[in-house]
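First comes the structure, then the notes that go with it.
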Amino acid sequence: MPGQYSPLVSVMVPAYNAGTTISRCLNSVVGQTYRPLQVIVVDDGSCDNTASEVDRIIHNNTDPDLEMTFVRHVCNTGCGASRRDAVMEAKGDYIIAVDADDYIDSCMISRMVEETSCGNVDIVCAEMTEERCGRPRKLRYDASETFRLNDLRLDTLRFTLSKLIRTDLLRAHMVFTPGIDCWEDMEQVSVLLACEPVIRIIRESYYHYVIDPDAGSLTHSGTERILNQHLDVARRLQGYFDKAGISEKYAPFLEYVKFIAKVKFLRSSQALRHPLKRLRLWRDTFPEVNSHIMRFRHVGIIYRLAFAFAYRVSLLLPGKNRQTDNH
C-alpha cells in the first residue's frame, strides 16, 4: 500500500546437514506475504544434499522483491560463525533468524513489521510453537514479561528465534563466535538486552520450533561439549559485562547464567560414573554462585533444594573453594 512502512527485512537461515528439512523451511520463508525480503542461507559445511536443495529453490526464484543469498562454508565452523556471516551479508533494516529445521507462518514477518512503529522499535518478539515429534505445544511469554535482563528466564523463547531485530543494533553489539553452536543465541540476546532496547511483544505464535531427533541440527552435540560451551558463554558474558562496566548492575543475571551453565556437571552419564569427581567440579566451577542457589526463582523449587543439598554435601569433599557460602 502507498505510504506503508515496508523496510527490507533480511532472514538468516543457518543450516548443517538439513537436507530433509531445508526445503520446508525456505518454502515457508519464500511464502511470506511480506516484501521486500532478503533470504540469506549459510550452509555450514554440510555433507548431505542441503546445498542442492538450496540451489534448486534459488534457481526457481523469479520474484524481483525477493533476493536470495547463499553462503557456503568448506568446513563445519558452528552456528555462531554461520549467524555472524549471515549478519554481515544482511542488507535489511531488520533481520530475523529461522533455523533450517523449523518453519514459519506466512504472515509472521508482516505482523512483526507492523509492530515496529515505523522503525521506532528495536526488537519485536513473538511467541512460538514447539513441535516435539509432531506434538505441538505453545511457548508463551508470562503476562508480566518485561525482558529486563535480571528477570530473564533462560529458555527457548528468550533466545534469537522468533525475534525481529534492528540490523544496525545487532551489528554494533554482535558477539556470535565461531566454533560455538550451543547458547550462542542466548549470549547474543543477553548482550542486546543489556543495551536496554525498545521492545515490543506479540502474544501470538507464528514460529514452529521443531525438535526431531532424526533431523539435521547445528546443535547436535554430546553432553560434555554442550557443558563446555555453556561454561565458555558464561565466562564470555562476564568478561563482556566487566568491560562494559555493567557487571554489578546485572550481577543477578550473571549468577543465574553461571548456575545454569554448570548444571550438566551433575546431569550426565559422567556424573553416574564419577559422582564425587563431578560434584567437586560442579562445586569449584563458578563457586561464587553456590550460596545463592535458592535465589534463582526461575529454577523449580525441587531442583533448587536438590542442588542446595548437593552443595552442602560437596563441602565435605576435599579440595578448594570449600568456604564459598561466605560470598
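Here, A, B, ... name the chains of the C-alpha cells in the order displayed, residue numbers run from 1 inside each chain, and ligands are numbered from 1 in the same displayed order.
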Kindly assemble as CSV a list of the stretch 167-202 of chain A residues that lie within 12 Å of stretch 90-96 of chain A, each paired with its nearest atom pair and their distance in Å to one decimal, using only C-alpha atoms, sorted first by chain and then by ascending residue number.
```
residue,atom,partner,partner_atom,distance
A:Thr167,CA,A:Tyr94,CA,4.9
A:Asp168,CA,A:Asp93,CA,7.4
A:Leu169,CA,A:Tyr94,CA,9.2
A:Leu170,CA,A:Ile95,CA,8.6
A:Arg171,CA,A:Ala90,CA,9.7
```
Could you please write out, as a list in words, every residue of stretch 89-141 of chain A that DSSP assigns to strand (DSSP E)?
-> Tyr94, Ile95, Ile96, Ala97, Tyr103, Ile104, Ile123, Val124, Cys125, Ala126, Glu127, Met128, Thr129, Glu130, Glu131, Arg132, Arg135, Pro136, Arg137, Lys138 and Leu139 of chain A
Any chance you could export the current selection's N, CA, C and O atoms as a compact mmCIF listing (two decimals), in the first residue's frame?
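So the final result, stored in part_9.txt, reads:
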```txt
# COMPACT_ATOMS: atom_id res chain seq x y z
N TYR A 94 15.92 -4.60 9.21
CA TYR A 94 15.68 -5.56 10.28
C TYR A 94 16.14 -6.93 9.81
O TYR A 94 16.23 -7.20 8.61
N ILE A 95 16.41 -7.80 10.80
CA ILE A 95 16.86 -9.16 10.49
C ILE A 95 16.15 -10.12 11.43
O ILE A 95 15.85 -9.78 12.58
N ILE A 96 15.87 -11.30 10.93
CA ILE A 96 15.21 -12.33 11.72
C ILE A 96 15.87 -13.67 11.41
O ILE A 96 16.33 -13.89 10.29
N ALA A 97 15.96 -14.56 12.40
CA ALA A 97 16.59 -15.86 12.22
C ALA A 97 15.52 -16.94 12.14
O ALA A 97 14.56 -16.95 12.91
N TYR A 103 10.03 -23.85 10.68
CA TYR A 103 9.30 -23.15 9.63
C TYR A 103 8.41 -22.10 10.27
O TYR A 103 8.17 -22.12 11.49
N ILE A 104 7.93 -21.15 9.46
CA ILE A 104 7.16 -20.02 9.98
C ILE A 104 5.86 -19.83 9.19
O ILE A 104 5.77 -20.20 8.02
N ILE A 123 13.42 -4.29 18.81
CA ILE A 123 13.23 -5.74 18.77
C ILE A 123 11.75 -6.06 18.92
O ILE A 123 11.10 -5.57 19.86
N VAL A 124 11.23 -6.86 18.01
CA VAL A 124 9.86 -7.36 18.12
C VAL A 124 9.94 -8.85 18.41
O VAL A 124 10.60 -9.60 17.69
N CYS A 125 9.28 -9.27 19.49
CA CYS A 125 9.32 -10.68 19.91
C CYS A 125 7.92 -11.29 19.78
O CYS A 125 6.93 -10.67 20.17
N ALA A 126 7.84 -12.48 19.23
CA ALA A 126 6.58 -13.21 19.16
C ALA A 126 6.72 -14.53 19.91
O ALA A 126 7.84 -15.01 20.16
N GLU A 127 5.60 -15.12 20.25
CA GLU A 127 5.63 -16.41 20.91
C GLU A 127 5.93 -17.51 19.89
O GLU A 127 6.09 -17.23 18.70
N MET A 128 6.04 -18.76 20.34
CA MET A 128 6.44 -19.85 19.46
C MET A 128 5.59 -21.09 19.73
O MET A 128 4.96 -21.21 20.77
N THR A 129 5.60 -22.00 18.76
CA THR A 129 5.00 -23.32 18.94
C THR A 129 6.11 -24.35 18.85
O THR A 129 6.78 -24.45 17.83
N GLU A 130 6.32 -25.07 19.93
CA GLU A 130 7.30 -26.16 19.92
C GLU A 130 6.62 -27.41 19.37
O GLU A 130 5.52 -27.77 19.81
N GLU A 131 7.27 -28.06 18.43
CA GLU A 131 6.74 -29.30 17.86
C GLU A 131 7.75 -30.41 18.12
O GLU A 131 8.76 -30.53 17.43
N ARG A 132 7.47 -31.18 19.13
CA ARG A 132 8.37 -32.28 19.52
C ARG A 132 7.78 -33.59 19.04
O ARG A 132 6.72 -34.02 19.51
N ARG A 135 4.18 -33.29 18.10
CA ARG A 135 3.22 -32.84 19.10
C ARG A 135 3.43 -31.35 19.39
O ARG A 135 4.46 -30.97 19.93
N PRO A 136 2.47 -30.50 19.04
CA PRO A 136 2.65 -29.06 19.25
C PRO A 136 2.40 -28.63 20.69
O PRO A 136 1.56 -29.18 21.39
N ARG A 137 3.16 -27.63 21.12
CA ARG A 137 2.99 -27.04 22.45
C ARG A 137 3.33 -25.56 22.36
O ARG A 137 4.40 -25.19 21.89
N LYS A 138 2.43 -24.71 22.81
CA LYS A 138 2.65 -23.27 22.76
C LYS A 138 3.67 -22.84 23.81
O LYS A 138 3.60 -23.26 24.97
N LEU A 139 4.63 -22.02 23.39
CA LEU A 139 5.58 -21.41 24.31
C LEU A 139 5.18 -19.95 24.44
O LEU A 139 5.32 -19.17 23.51
```
Find the spatial neighbours of A:Asp185, counting only C-alpha atoms, within a cut-off of 12 Å - ignore same-chain residues fewer than 4 positions away - and output them as a VMD selection string.
-> chain A and resid 78 to 84 97 to 99 154 to 163 170 174 to 177 180 to 181 189 to 192 219 230 233
Just write the chosen residues, N, CA and C atoms, as an mmCIF file, in the first residue's frame.
```cif
data_model
loop_
_atom_site.group_PDB
_atom_site.id
_atom_site.type_symbol
_atom_site.label_atom_id
_atom_site.label_comp_id
_atom_site.auth_asym_id
_atom_site.auth_seq_id
_atom_site.Cartn_x
_atom_site.Cartn_y
_atom_site.Cartn_z
ATOM 1 N N GLY A 78 30.408 -24.179 13.200
ATOM 2 C CA GLY A 78 29.498 -23.884 14.297
ATOM 3 C C GLY A 78 28.465 -22.832 13.955
ATOM 4 N N CYS A 79 27.381 -22.871 14.697
ATOM 5 C CA CYS A 79 26.258 -21.969 14.415
ATOM 6 C C CYS A 79 26.630 -20.507 14.623
ATOM 7 N N GLY A 80 27.524 -20.239 15.571
ATOM 8 C CA GLY A 80 27.930 -18.852 15.813
ATOM 9 C C GLY A 80 28.544 -18.227 14.578
ATOM 10 N N ALA A 81 29.422 -18.973 13.897
ATOM 11 C CA ALA A 81 30.048 -18.458 12.673
ATOM 12 C C ALA A 81 29.020 -18.280 11.573
ATOM 13 N N SER A 82 28.052 -19.202 11.472
ATOM 14 C CA SER A 82 27.012 -19.096 10.441
ATOM 15 C C SER A 82 26.162 -17.855 10.656
ATOM 16 N N ARG A 83 25.771 -17.609 11.891
ATOM 17 C CA ARG A 83 24.955 -16.423 12.173
ATOM 18 C C ARG A 83 25.760 -15.142 11.936
ATOM 19 N N ARG A 84 27.021 -15.155 12.310
ATOM 20 C CA ARG A 84 27.869 -13.976 12.086
ATOM 21 C C ARG A 84 27.969 -13.669 10.593
ATOM 22 N N ALA A 97 15.956 -14.556 12.404
ATOM 23 C CA ALA A 97 16.587 -15.862 12.224
ATOM 24 C C ALA A 97 15.525 -16.945 12.143
ATOM 25 N N VAL A 98 15.724 -17.871 11.216
ATOM 26 C CA VAL A 98 14.886 -19.067 11.121
ATOM 27 C C VAL A 98 15.822 -20.256 10.959
ATOM 28 N N ASP A 99 15.789 -21.195 11.887
ATOM 29 C CA ASP A 99 16.664 -22.362 11.789
ATOM 30 C C ASP A 99 16.170 -23.307 10.700
ATOM 31 N N LEU A 154 16.091 -18.339 31.229
ATOM 32 C CA LEU A 154 16.828 -18.948 30.133
ATOM 33 C C LEU A 154 16.021 -20.097 29.542
ATOM 34 N N ASP A 155 15.272 -19.813 28.500
ATOM 35 C CA ASP A 155 14.562 -20.855 27.769
ATOM 36 C C ASP A 155 14.461 -20.440 26.310
ATOM 37 N N THR A 156 13.876 -21.287 25.501
ATOM 38 C CA THR A 156 13.859 -21.087 24.051
ATOM 39 C C THR A 156 13.251 -19.752 23.650
ATOM 40 N N LEU A 157 12.217 -19.305 24.358
ATOM 41 C CA LEU A 157 11.550 -18.050 23.997
ATOM 42 C C LEU A 157 12.476 -16.854 24.101
ATOM 43 N N ARG A 158 13.474 -16.942 24.970
ATOM 44 C CA ARG A 158 14.347 -15.788 25.211
ATOM 45 C C ARG A 158 15.594 -15.822 24.336
ATOM 46 N N PHE A 159 15.667 -16.755 23.393
ATOM 47 C CA PHE A 159 16.821 -16.823 22.505
ATOM 48 C C PHE A 159 16.527 -16.057 21.220
ATOM 49 N N THR A 160 17.353 -16.229 20.189
ATOM 50 C CA THR A 160 17.273 -15.399 18.991
ATOM 51 C C THR A 160 16.018 -15.636 18.167
ATOM 52 N N LEU A 161 15.500 -16.852 18.168
ATOM 53 C CA LEU A 161 14.399 -17.215 17.289
ATOM 54 C C LEU A 161 13.134 -16.423 17.604
ATOM 55 N N SER A 162 12.334 -16.210 16.558
ATOM 56 C CA SER A 162 11.047 -15.507 16.671
ATOM 57 C C SER A 162 11.213 -14.069 17.148
ATOM 58 N N LYS A 163 12.324 -13.447 16.715
ATOM 59 C CA LYS A 163 12.594 -12.054 17.058
ATOM 60 C C LYS A 163 13.033 -11.290 15.817
ATOM 61 N N LEU A 170 22.135 -5.069 16.035
ATOM 62 C CA LEU A 170 22.792 -6.373 16.121
ATOM 63 C C LEU A 170 24.244 -6.287 15.672
ATOM 64 N N MET A 174 27.425 -7.346 18.084
ATOM 65 C CA MET A 174 27.442 -8.753 17.688
ATOM 66 C C MET A 174 28.539 -9.509 18.412
ATOM 67 N N VAL A 175 28.174 -10.634 19.015
ATOM 68 C CA VAL A 175 29.139 -11.457 19.731
ATOM 69 C C VAL A 175 29.100 -12.913 19.268
ATOM 70 N N PHE A 176 28.394 -13.199 18.163
ATOM 71 C CA PHE A 176 28.393 -14.561 17.639
ATOM 72 C C PHE A 176 29.837 -15.016 17.423
ATOM 73 N N THR A 177 30.181 -16.203 17.932
ATOM 74 C CA THR A 177 31.563 -16.666 17.966
ATOM 75 C C THR A 177 31.743 -17.944 17.163
ATOM 76 N N ILE A 180 31.187 -22.037 18.219
ATOM 77 C CA ILE A 180 30.159 -22.173 19.249
ATOM 78 C C ILE A 180 28.811 -22.432 18.576
ATOM 79 N N ASP A 181 28.130 -23.499 18.980
ATOM 80 C CA ASP A 181 26.796 -23.757 18.444
ATOM 81 C C ASP A 181 25.793 -24.100 19.547
ATOM 82 N N VAL A 189 21.474 -12.454 22.569
ATOM 83 C CA VAL A 189 20.284 -11.760 23.072
ATOM 84 C C VAL A 189 20.588 -11.068 24.399
ATOM 85 N N SER A 190 21.379 -11.702 25.258
ATOM 86 C CA SER A 190 21.731 -11.094 26.546
ATOM 87 C C SER A 190 22.483 -9.792 26.354
ATOM 88 N N VAL A 191 23.429 -9.789 25.424
ATOM 89 C CA VAL A 191 24.206 -8.578 25.145
ATOM 90 C C VAL A 191 23.290 -7.480 24.590
ATOM 91 N N LEU A 192 22.364 -7.848 23.726
ATOM 92 C CA LEU A 192 21.435 -6.855 23.178
ATOM 93 C C LEU A 192 20.536 -6.293 24.274
ATOM 94 N N THR A 219 23.110 -27.919 16.482
ATOM 95 C CA THR A 219 23.450 -28.060 17.892
ATOM 96 C C THR A 219 23.406 -29.513 18.347
ATOM 97 N N HIS A 230 28.595 -24.083 27.212
ATOM 98 C CA HIS A 230 27.818 -23.277 28.165
ATOM 99 C C HIS A 230 28.736 -22.530 29.130
ATOM 100 N N VAL A 233 30.384 -19.624 27.312
ATOM 101 C CA VAL A 233 29.469 -18.494 27.119
ATOM 102 C C VAL A 233 29.310 -17.711 28.417
#
```
For A:Pro36, which residue among A:Ala308, A:Leu8, A:Ala244, A:Ala143 is the nearest when counting only C-alpha atoms?
->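 Nearest candidate to A:Pro36 out of A:Ala308, A:Leu8, A:Ala244, A:Ala143: A:Leu8.
Atom pair atom CA of A:Gln32 / atom CA of A:Cys107 has a distance of 6.1 Å (rounded to one decimal).
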A:Asn60, A:Thr285, A:Gln4, A:Asn76: which is nearest A:Asn228, counting only C-alpha atoms?
->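 Between A:Asn60, A:Thr285, A:Gln4, A:Asn76, the residue approaching A:Asn228 most closely is A:Thr285.
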Determine which residues of stretch 110-237 of chain A DSSP labels as alpha helix (DSSP H) from the backbone of this structure, then write them out as number ranges by chain.
-> A: 110-114, 167-172, 184-194, 223-237
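Pairwise distance (atom CA of A:Met12, atom CA of A:Ile40) equals 4.8 Å.
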Compile the contact shell of stretch 253-255 of chain A as a ChimeraX atom specification: residues with an atom at most 9 Å away, counting only C-alpha atoms, same-chain residues fewer than 4 positions apart removed.
-> /A:149-152,234,237-238,241,247,259-260,286,288-289,292,296
Mind writing the picked residues with all heavy atoms as a compact mmCIF listing (two decimals), in the first residue's frame?
```txt
# COMPACT_ATOMS: atom_id res chain seq x y z
N LEU A 149 16.92 -7.76 31.92
CA LEU A 149 17.91 -8.83 31.94
C LEU A 149 17.93 -9.57 33.28
O LEU A 149 18.03 -10.81 33.31
CB LEU A 149 19.29 -8.26 31.62
CG LEU A 149 20.33 -9.23 31.05
CD1 LEU A 149 19.78 -10.03 29.88
CD2 LEU A 149 21.57 -8.47 30.63
N ASN A 150 17.83 -8.86 34.38
CA ASN A 150 17.89 -9.52 35.68
C ASN A 150 16.66 -10.37 35.98
O ASN A 150 16.66 -11.16 36.92
CB ASN A 150 18.08 -8.49 36.80
CG ASN A 150 19.52 -8.02 36.90
OD1 ASN A 150 20.44 -8.72 36.50
ND2 ASN A 150 19.71 -6.82 37.43
N ASP A 151 15.60 -10.20 35.18
CA ASP A 151 14.39 -11.01 35.35
C ASP A 151 14.27 -12.09 34.29
O ASP A 151 13.28 -12.83 34.27
CB ASP A 151 13.14 -10.12 35.28
CG ASP A 151 13.10 -9.08 36.39
OD1 ASP A 151 13.62 -9.39 37.48
OD2 ASP A 151 12.58 -7.97 36.18
N LEU A 152 15.27 -12.19 33.42
CA LEU A 152 15.18 -13.08 32.26
C LEU A 152 15.26 -14.55 32.66
O LEU A 152 16.07 -14.93 33.50
CB LEU A 152 16.30 -12.77 31.27
CG LEU A 152 16.12 -13.29 29.84
CD1 LEU A 152 15.00 -12.57 29.14
CD2 LEU A 152 17.42 -13.15 29.06
N ALA A 234 29.18 -18.42 29.54
CA ALA A 234 29.04 -17.74 30.83
C ALA A 234 30.28 -16.90 31.13
O ALA A 234 30.16 -15.76 31.61
CB ALA A 234 28.82 -18.77 31.94
N LEU A 237 30.27 -13.80 28.77
CA LEU A 237 29.30 -12.79 29.21
C LEU A 237 29.85 -12.00 30.40
O LEU A 237 29.71 -10.77 30.46
CB LEU A 237 27.97 -13.44 29.59
CG LEU A 237 27.04 -13.79 28.42
CD1 LEU A 237 25.83 -14.57 28.92
CD2 LEU A 237 26.58 -12.53 27.69
N GLN A 238 30.47 -12.69 31.35
CA GLN A 238 31.08 -11.99 32.49
C GLN A 238 32.14 -11.02 31.99
O GLN A 238 32.18 -9.86 32.43
CB GLN A 238 31.70 -13.00 33.44
CG GLN A 238 32.36 -12.37 34.67
CD GLN A 238 31.37 -11.78 35.64
OE1 GLN A 238 30.56 -12.50 36.22
NE2 GLN A 238 31.42 -10.46 35.85
N PHE A 241 30.48 -8.00 30.17
CA PHE A 241 29.83 -7.08 31.09
C PHE A 241 30.86 -6.34 31.95
O PHE A 241 30.66 -5.17 32.29
CB PHE A 241 28.83 -7.83 31.97
CG PHE A 241 27.52 -8.16 31.27
CD1 PHE A 241 27.49 -8.49 29.92
CD2 PHE A 241 26.33 -8.14 31.96
CE1 PHE A 241 26.31 -8.79 29.28
CE2 PHE A 241 25.13 -8.44 31.33
CZ PHE A 241 25.12 -8.77 29.98
N SER A 247 28.70 -5.16 35.01
CA SER A 247 28.59 -6.47 35.66
C SER A 247 27.91 -6.37 37.03
O SER A 247 27.19 -7.28 37.43
CB SER A 247 29.96 -7.13 35.78
OG SER A 247 30.87 -6.28 36.44
N PHE A 259 25.05 -20.52 37.11
CA PHE A 259 24.44 -21.67 37.76
C PHE A 259 23.88 -22.64 36.72
O PHE A 259 24.14 -23.86 36.79
CB PHE A 259 23.33 -21.23 38.71
CG PHE A 259 22.52 -22.38 39.26
CD1 PHE A 259 23.06 -23.21 40.23
CD2 PHE A 259 21.25 -22.63 38.78
CE1 PHE A 259 22.33 -24.28 40.73
CE2 PHE A 259 20.51 -23.71 39.27
CZ PHE A 259 21.06 -24.53 40.25
N ILE A 260 23.13 -22.13 35.75
CA ILE A 260 22.55 -23.00 34.72
C ILE A 260 23.65 -23.62 33.87
O ILE A 260 23.56 -24.78 33.46
CB ILE A 260 21.57 -22.20 33.84
CG1 ILE A 260 20.40 -21.67 34.69
CG2 ILE A 260 21.05 -23.06 32.70
CD1 ILE A 260 19.56 -22.74 35.34
N PHE A 286 32.65 -21.69 39.05
CA PHE A 286 31.84 -20.54 39.46
C PHE A 286 31.38 -20.71 40.92
O PHE A 286 30.18 -20.67 41.22
CB PHE A 286 30.62 -20.37 38.55
CG PHE A 286 30.95 -20.24 37.10
CD1 PHE A 286 30.21 -20.95 36.14
CD2 PHE A 286 31.97 -19.43 36.65
CE1 PHE A 286 30.50 -20.84 34.79
CE2 PHE A 286 32.26 -19.31 35.30
CZ PHE A 286 31.52 -20.03 34.36
N GLU A 288 31.23 -18.82 43.29
CA GLU A 288 30.55 -17.66 43.88
C GLU A 288 29.03 -17.77 43.84
O GLU A 288 28.33 -17.05 44.56
CB GLU A 288 31.00 -16.38 43.16
CG GLU A 288 30.60 -16.28 41.69
CD GLU A 288 31.63 -16.88 40.74
OE1 GLU A 288 32.45 -17.71 41.20
OE2 GLU A 288 31.61 -16.52 39.56
N VAL A 289 28.50 -18.68 43.02
CA VAL A 289 27.03 -18.78 42.93
C VAL A 289 26.47 -19.84 43.87
O VAL A 289 25.25 -19.91 44.05
CB VAL A 289 26.58 -19.08 41.48
CG1 VAL A 289 27.21 -18.12 40.50
CG2 VAL A 289 26.85 -20.52 41.08
N HIS A 292 23.96 -18.97 46.53
CA HIS A 292 22.81 -18.19 46.08
C HIS A 292 21.76 -19.06 45.39
O HIS A 292 20.85 -18.53 44.76
CB HIS A 292 23.26 -17.10 45.09
CG HIS A 292 24.23 -16.14 45.67
ND1 HIS A 292 25.03 -15.32 44.91
CD2 HIS A 292 24.55 -15.85 46.97
CE1 HIS A 292 25.80 -14.58 45.70
NE2 HIS A 292 25.52 -14.88 46.94
N PHE A 296 17.45 -18.35 42.77
CA PHE A 296 17.16 -18.47 41.34
C PHE A 296 15.72 -18.92 41.15
O PHE A 296 15.42 -20.10 40.96
CB PHE A 296 18.14 -19.44 40.68
CG PHE A 296 19.59 -19.05 40.87
CD1 PHE A 296 20.53 -19.99 41.27
CD2 PHE A 296 20.00 -17.75 40.66
CE1 PHE A 296 21.85 -19.64 41.46
CE2 PHE A 296 21.33 -17.37 40.85
CZ PHE A 296 22.26 -18.33 41.24
```
Name all residues at most 12 Å from A:Arg280 (count only C-alpha atoms; drop same-chain ones fewer than 4 positions away) and give them as a list in words.
-> Lys262, Phe265, Leu266, Ala271, His274, Pro275, Leu276, Asp284, Thr285, Phe286, Pro287, Ala310, Tyr311, Arg312, Val313, Ser314, Leu315, Leu316, Leu317, Pro318, Gly319, Lys320, Asn321 and Arg322 of chain A
Any chance you can output those residues with N, CA, C and O atoms as a short mmCIF file (atom, residue, chain, number, x, y, z; two decimals), in the first residue's frame?
```
data_model
loop_
_atom_site.label_atom_id
_atom_site.label_comp_id
_atom_site.auth_asym_id
_atom_site.auth_seq_id
_atom_site.Cartn_x
_atom_site.Cartn_y
_atom_site.Cartn_z
N LYS A 262 26.59 -24.66 34.61
CA LYS A 262 27.35 -25.78 35.20
C LYS A 262 26.47 -26.94 35.65
O LYS A 262 26.97 -27.94 36.17
N PHE A 265 27.28 -30.71 34.87
CA PHE A 265 28.26 -31.48 35.63
C PHE A 265 27.56 -32.61 36.40
O PHE A 265 28.13 -33.69 36.61
N LEU A 266 26.33 -32.34 36.85
CA LEU A 266 25.60 -33.30 37.66
C LEU A 266 24.46 -33.97 36.91
O LEU A 266 23.70 -34.75 37.50
N ALA A 271 28.40 -38.10 35.56
CA ALA A 271 28.03 -37.93 36.96
C ALA A 271 27.71 -39.27 37.61
O ALA A 271 27.95 -39.46 38.81
N HIS A 274 31.37 -41.11 37.81
CA HIS A 274 32.35 -40.48 38.71
C HIS A 274 31.64 -39.42 39.57
O HIS A 274 31.91 -38.22 39.44
N PRO A 275 30.73 -39.83 40.43
CA PRO A 275 29.90 -38.87 41.15
C PRO A 275 30.67 -37.88 42.02
O PRO A 275 30.36 -36.69 42.03
N LEU A 276 31.68 -38.34 42.75
CA LEU A 276 32.41 -37.43 43.64
C LEU A 276 33.27 -36.45 42.85
O LEU A 276 33.34 -35.25 43.18
N ASP A 284 33.40 -26.39 42.36
CA ASP A 284 34.55 -25.49 42.18
C ASP A 284 34.48 -24.66 40.91
O ASP A 284 35.36 -23.84 40.66
N THR A 285 33.46 -24.87 40.10
CA THR A 285 33.25 -24.04 38.91
C THR A 285 32.26 -22.94 39.25
O THR A 285 31.15 -23.21 39.73
N PHE A 286 32.65 -21.69 39.05
CA PHE A 286 31.84 -20.54 39.46
C PHE A 286 31.38 -20.71 40.92
O PHE A 286 30.18 -20.67 41.22
N PRO A 287 32.30 -20.91 41.86
CA PRO A 287 31.90 -21.16 43.25
C PRO A 287 31.12 -20.01 43.88
O PRO A 287 30.40 -20.22 44.86
N ALA A 310 23.10 -30.76 47.43
CA ALA A 310 24.34 -31.22 46.80
C ALA A 310 25.51 -30.33 47.20
O ALA A 310 26.63 -30.81 47.43
N TYR A 311 25.26 -29.03 47.29
CA TYR A 311 26.33 -28.12 47.70
C TYR A 311 26.79 -28.41 49.12
O TYR A 311 28.00 -28.45 49.41
N ARG A 312 25.85 -28.63 50.04
CA ARG A 312 26.23 -28.93 51.42
C ARG A 312 27.03 -30.22 51.50
O ARG A 312 28.00 -30.32 52.26
N VAL A 313 26.64 -31.21 50.70
CA VAL A 313 27.40 -32.46 50.66
C VAL A 313 28.81 -32.20 50.11
O VAL A 313 29.80 -32.75 50.61
N SER A 314 28.90 -31.35 49.09
CA SER A 314 30.19 -31.10 48.44
C SER A 314 31.19 -30.45 49.40
O SER A 314 32.40 -30.59 49.23
N LEU A 315 30.71 -29.76 50.42
CA LEU A 315 31.61 -29.12 51.38
C LEU A 315 32.37 -30.15 52.22
O LEU A 315 33.39 -29.82 52.83
N LEU A 316 31.87 -31.38 52.22
CA LEU A 316 32.55 -32.45 52.96
C LEU A 316 33.69 -33.05 52.16
O LEU A 316 34.50 -33.81 52.72
N LEU A 317 33.75 -32.72 50.85
CA LEU A 317 34.78 -33.28 49.99
C LEU A 317 36.06 -32.46 50.07
O LEU A 317 36.01 -31.25 50.27
N PRO A 318 37.22 -33.11 49.92
CA PRO A 318 38.48 -32.36 49.92
C PRO A 318 38.62 -31.52 48.67
O PRO A 318 37.97 -31.76 47.66
N GLY A 319 39.46 -30.51 48.74
CA GLY A 319 39.69 -29.67 47.57
C GLY A 319 39.50 -28.22 47.90
O GLY A 319 39.25 -27.84 49.04
N LYS A 320 39.55 -27.38 46.86
CA LYS A 320 39.49 -25.93 47.05
C LYS A 320 38.05 -25.43 47.16
O LYS A 320 37.09 -26.16 46.95
N ASN A 321 37.94 -24.13 47.47
CA ASN A 321 36.67 -23.42 47.45
C ASN A 321 35.61 -24.06 48.36
O ASN A 321 34.47 -24.19 47.98
N ARG A 322 36.02 -24.47 49.54
CA ARG A 322 35.05 -25.08 50.46
C ARG A 322 34.24 -24.05 51.23
O ARG A 322 33.19 -24.35 51.77
#
```
Shell around A:Ala100 at 9 Å using only C-alpha atoms, local window under 6 positions removed, as a list in words = Val13, Pro14, Ala15, Tyr16, Ala18, Gly19, Thr21, Ile22, Ser23, Arg24, Cys25, Leu26, Val41, Gly216, Ser217 and Leu218 of chain A
Residues of stretch 20-55 of chain A that have any atom at most 12 Å from an atom of stretch 110-113 of chain A: could you tabulate them with the shortest-distance atom pair and the distance in Å to one decimal, using only C-alpha atoms, ordered by chain and increasing number, as CSV?
```
residue,atom,partner,partner_atom,distance
A:Val29,CA,A:Ser110,CA,11.6
A:Gly31,CA,A:Ser110,CA,11.5
A:Gln32,CA,A:Ser110,CA,7.8
A:Thr33,CA,A:Ser110,CA,6.7
A:Tyr34,CA,A:Ser110,CA,5.1
A:Arg35,CA,A:Ser110,CA,8.3
A:Pro36,CA,A:Ser110,CA,10.3
A:Leu37,CA,A:Ser110,CA,10.7
```
Calculate how many Å separate atom CA of A:Asp122 from atom CA of A:Ile165, rounding to one decimal.
->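 Pair atom CA of A:Asp122 / atom CA of A:Ile165 returns 5.9 Å.
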Give the answer as one residue: which of A:Ser205, A:Ser269, A:Asn120, A:Gln188 has the shortest atom-to-atom distance to A:Gly222, using only C-alpha atoms?
-> A:Ser269
Of the candidates A:Lys264, A:His298, A:Gly134, A:Ile201, which shows the shortest atom-to-atom distance to A:Pro252, using only C-alpha atoms?
-> A:His298
Long-range neighbours of A:Gly3 as a PDB file with all heavy atoms, in the first residue's frame, 12 Å cut-off, only C-alpha atoms, 3 positions minimum in chain:
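Below is the file selection_19.pdb, written as the result:
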```pdb
ATOM      1  N   SER A   6       7.543  -0.215   4.778  1.00  0.00           N
ATOM      2  CA  SER A   6       7.922  -1.528   4.249  1.00  0.00           C
ATOM      3  C   SER A   6       9.442  -1.631   4.122  1.00  0.00           C
ATOM      4  O   SER A   6       9.991  -1.618   3.012  1.00  0.00           O
ATOM      5  CB  SER A   6       7.261  -1.777   2.882  1.00  0.00           C
ATOM      6  OG  SER A   6       5.855  -1.721   2.975  1.00  0.00           O
ATOM      7  N   PRO A   7      10.141  -1.746   5.240  1.00  0.00           N
ATOM      8  CA  PRO A   7      11.604  -1.840   5.180  1.00  0.00           C
ATOM      9  C   PRO A   7      12.038  -3.190   4.631  1.00  0.00           C
ATOM     10  O   PRO A   7      11.308  -4.190   4.733  1.00  0.00           O
ATOM     11  CB  PRO A   7      12.013  -1.698   6.648  1.00  0.00           C
ATOM     12  CG  PRO A   7      10.856  -2.310   7.390  1.00  0.00           C
ATOM     13  CD  PRO A   7       9.627  -1.907   6.615  1.00  0.00           C
ATOM     14  N   CYS A 118       6.925   1.908  12.623  1.00  0.00           N
ATOM     15  CA  CYS A 118       7.675   2.593  11.555  1.00  0.00           C
ATOM     16  C   CYS A 118       9.165   2.714  11.878  1.00  0.00           C
ATOM     17  O   CYS A 118       9.795   3.744  11.611  1.00  0.00           O
ATOM     18  CB  CYS A 118       7.069   3.961  11.262  1.00  0.00           C
ATOM     19  SG  CYS A 118       5.398   3.882  10.590  1.00  0.00           S
TER      20      CYS A 118
END
```
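The smallest atom-to-atom distance between A:Asp101 and any of A:Thr20, A:Ser10, A:Arg295, A:Ile302, using only C-alpha atoms, is found for A:Thr20.
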